[in-house]
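All remarks here apply to the structure that follows.
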Amino acid sequence: MLEVVSLDDARSAVADRFFPLRRGVRQVPLDAAAGCVLARDVVAQEGVPSFDRSTVDGYAVVAADTFGCSDALPALLTLVGEVDMGAKPEMACSPGTCVRIPTGGQVPDGADAVVMLEYCEEYGDGTVGVAKPVAPGGNIVFENDDVKPGEVLISAGTTLLPHHVGTLASLGMVNCEVYEQVNVGVISTGDEIVPTDAVPVASQMRDVNAPVLASAAEACGAHVTRFPIVPDRYDVLLATVRAALESCDMVLVSGGSSAGRKDNTERVLSELGEMLFHGIAVKPGKPTMCADVAGVPAFGLPGHPVAAYFMFLELVRPLLAGDRKALSVAAKLSAGVPSNHGRSELVPVRLEQRDGQVTAVPIRGKSGLISQLSRADGFFAIGRNLEGLAAGAEVDVRMFS
Ligand SMILES: Nc1nc2c(c(=O)[nH]1)N[C@H]1C(S)=C(S)[C@@H](COP(=O)(O)OP(=O)(O)OC[C@H]3O[C@@H](n4cnc5c(N)ncnc54)[C@H](O)[C@@H]3O)O[C@H]1N2
Ligand code: MOO
């Protein structure tokens, strides 16, 4: 009999022991940074912008000169020059004067606002009429407004997206330090399991778990190393897991996780490291285990593909995904779902918009059938001590992606 822990306790045991995952750091050029996970805080070495900048095409003014002006009674200002883009203004603005300025131009000394040219008229005699007042600071981004020197702009652990790349570019950071991809070893076990491209004979089964787990790990940004399918032999599994541990930062074994005569995973992982738990009060996924092998997490996942996938999503994805968290969506249950076996139950659902509400429609099926998930968008959990949920209950749907 397995000594089961709750799903919450299993999640915490994994997170407490292994998060964040240990891995190397490397430098990448900015062009290759998108999708990588930042290894060090990015601290601004300089302010942005480096000068007071106009956000509109118009006239730099002393704001007080425009107070009370209108179409009927424009403020009359003397035009004293024009700002060139990219250059420091040669002239200053003083009360009663204005300077023509393009969007992005440096605001001349003395000016504290810019009026849009739509509200101004050049009379051709060196004067400009301003028909709309502007407040001090109007239409100006001041020096260091965007970024202050010393500010932490992007925290370590962030997955870099195009707008982060833009921030790094604006600071002239042409290289950044990112984590190496986590290398996940994926091992399928079972005498009956044959490669996915083989034609099964008798009661053989095609390998479904390795492609599912490999693509799920890759979707979290990991690199995957696949190992040959292992028969139900202790010595072969031990050697394969040992080989995986030499090159991988995490190992996922599927199959052979329960307590049968040919189930070797627990023996192998206990031999190599410290077993944190074997058995979770959850359906599907009960015989799941996790061991700590010198700091490397080694999971024994159930053979049933849906159980293996759900346990990956619940226990492994949070470790691998970091800030690439899966969405969860609040939805109303379309139909009652019974559950009374003393285990939390993970129920796959399809999301539909019904009567203006996000509705979760349960997908029925047995835990071994992966094809049922093709119709699902995610799953929700029924608590261990509940006897099910009634139609109309609010559920929190964890999305597959
Ligand atoms: N006496 C008991 N028997 C079982 C228990 C139990 O508590 N007592 N638990 C059941 C539960 S729950 C699960 S889940 C399964 C999981 O057991 P294993 O992890 O040992 O899985 P296997 O027996 O190796 O395989 C189960 C099933 O899945 C198929 N399989 C395995 N690997 C793959 C793969 N890579 N691709 C596709 N399909 C795979 C395998 O052929 C079996 O049909 O144990 C119950 N038994
Ligand atoms: O835990 Mo098992 O996956 O219910 O069949």
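Chain lettering (A, B, ...) mirrors the order of the structure tokens, residue numbering begins at 1 for each chain separately, and ligand numbering begins at 1 in order of display.
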Practice problem: Using DSSP on the backbone, list every residue of stretch 345-397 of chain A that comes out as strand (DSSP E), and give them as a ChimeraX atom specification. | Solution: /A:345-354,357-362,378-382,388-389,394-397
Self-check item: For A:Ala135: contacts at 8 Å, only C-alpha atoms, fewer than 6 positions along chain excluded, given as a ChimeraX atom specification
Solution: /A:63-64,113
Dump as a tab-separated table the rows for residues of chain A within 7 Å of ligand 1: closest atom pair and distance in Å with one decimal, only C-alpha atoms and all ligand atoms counted, ordered by chain and rising residue number.
residue	atom	partner	partner_atom_place_in_ligand_line	distance
A:Ser188	CA	ligand 1	35 (N)	4.8
A:Thr189	CA	ligand 1	32 (N)	6.0
A:Gly190	CA	ligand 1	24 (O)	5.5
A:Glu192	CA	ligand 1	41 (O)	6.1
A:Ile193	CA	ligand 1	34 (C)	6.1
A:Met205	CA	ligand 1	41 (O)	5.7
A:Arg206	CA	ligand 1	37 (C)	5.8
A:Asp207	CA	ligand 1	36 (N)	3.7
A:Val208	CA	ligand 1	36 (N)	3.7
A:Asn209	CA	ligand 1	35 (N)	4.1
A:Ala210	CA	ligand 1	35 (N)	5.8
A:Ser254	CA	ligand 1	32 (N)	6.0
A:Gly255	CA	ligand 1	24 (O)	3.6
A:Gly256	CA	ligand 1	20 (O)	3.4
A:Ser257	CA	ligand 1	19 (O)	3.6
A:Ser258	CA	ligand 1	20 (O)	4.0
A:Ala259	CA	ligand 1	8 (N)	6.4
A:Gly260	CA	ligand 1	1 (N)	6.5
A:Asp263	CA	ligand 1	20 (O)	5.5
A:Lys283	CA	ligand 1	12 (S)	6.9
A:Pro284	CA	ligand 1	14 (S)	6.1
A:Gly285	CA	ligand 1	14 (S)	5.2
A:Lys286	CA	ligand 1	12 (S)	5.0
A:Pro287	CA	ligand 1	14 (S)	6.0
A:Leu301	CA	ligand 1	19 (O)	6.1
A:Pro302	CA	ligand 1	19 (O)	3.3
A:Gly303	CA	ligand 1	31 (C)	3.5
A:His304	CA	ligand 1	28 (O)	3.7
A:Pro305	CA	ligand 1	38 (N)	5.7
A:Ala307	CA	ligand 1	14 (S)	6.0
A:Gly368	CA	ligand 1	28 (O)	6.4
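Between A:Arg261 and the residues A:Arg350, A:His341, A:Arg317, A:Arg233, the shortest atom-to-atom distance, using only C-alpha atoms, involves A:Arg233.
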Quiz item: How would you write, as a ChimeraX atom specification, the set of residues in stretch 186-237 of chain A that DSSP gives as alpha helix (DSSP H)?
Solution: /A:209-219,234-237
Self-check item: Spatial neighbours of A:Ala360, 7 Å, only C-alpha atoms, chain gap at least 2 places, as a PyMOL selection string
Solution: chain A and resi 331-334+349-352+358+362
For the selection you just gave me, I'd like the residues written to a file as a short mmCIF file (atom, residue, chain, number, x, y, z; two decimals), in the first residue's frame, keeping N, CA, C and O atoms.
data_model
loop_
_atom_site.label_atom_id
_atom_site.label_comp_id
_atom_site.auth_asym_id
_atom_site.auth_seq_id
_atom_site.Cartn_x
_atom_site.Cartn_y
_atom_site.Cartn_z
N ALA A 331 -14.70 29.58 -14.03
CA ALA A 331 -15.80 29.17 -14.90
C ALA A 331 -16.89 28.51 -14.06
O ALA A 331 -16.67 28.10 -12.92
N LYS A 332 -18.10 28.44 -14.65
CA LYS A 332 -19.23 27.77 -13.99
C LYS A 332 -19.37 26.38 -14.57
O LYS A 332 -19.35 26.22 -15.80
N LEU A 333 -19.57 25.40 -13.71
CA LEU A 333 -19.66 24.02 -14.15
C LEU A 333 -21.02 23.78 -14.82
O LEU A 333 -22.06 24.15 -14.28
N SER A 334 -20.98 23.14 -16.03
CA SER A 334 -22.23 22.95 -16.78
C SER A 334 -23.05 21.78 -16.23
O SER A 334 -24.26 21.73 -16.42
N VAL A 349 -11.91 19.62 -18.77
CA VAL A 349 -13.10 20.36 -19.22
C VAL A 349 -12.80 21.13 -20.51
O VAL A 349 -11.65 21.48 -20.78
N ARG A 350 -13.89 21.37 -21.23
CA ARG A 350 -13.83 22.27 -22.39
C ARG A 350 -14.48 23.57 -21.92
O ARG A 350 -15.45 23.53 -21.16
N LEU A 351 -13.93 24.72 -22.35
CA LEU A 351 -14.54 25.99 -21.96
C LEU A 351 -15.44 26.48 -23.08
O LEU A 351 -15.06 26.43 -24.26
N GLU A 352 -16.62 26.92 -22.71
CA GLU A 352 -17.57 27.49 -23.69
C GLU A 352 -18.16 28.75 -23.11
O GLU A 352 -18.29 28.87 -21.90
N VAL A 358 -18.46 32.20 -18.82
CA VAL A 358 -17.50 31.16 -19.17
C VAL A 358 -17.95 29.87 -18.45
O VAL A 358 -18.10 29.85 -17.23
N PRO A 362 -17.53 19.31 -18.47
CA PRO A 362 -16.65 18.17 -18.16
C PRO A 362 -16.55 17.19 -19.32
O PRO A 362 -17.53 16.95 -20.03
#
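Near stretch 52-61 of chain A, within a cut-off of 7 Å and counting only C-alpha atoms, sit the residues Cys93, Thr97, Cys98, Val99, Arg100, Ile101, Pro102, Thr103, Gly104, Gly105, Gln106, Val107, Ala111, Asp112, Ala113, Val114, Val115, Met116, Leu117, Asn139, Ile140, Val141, Phe142 and Glu143 of chain A, with same-chain residues fewer than 3 positions away left out.
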Practice problem: Considering only C-alpha atoms, return as a PyMOL selection string whatever protein or nucleic-acid residues lie within 10 Å of A:Met250, sequence-local ones (same chain, fewer than 6 positions apart) excluded. | Solution: chain A and resi 21-22+182-186+224+244+292-293+295-299+316+320
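Among the candidates A:Val80, A:Ala393, A:Met399, A:Ala308, the one nearest to ligand 2 when counting only C-alpha atoms and all ligand atoms is A:Ala308.
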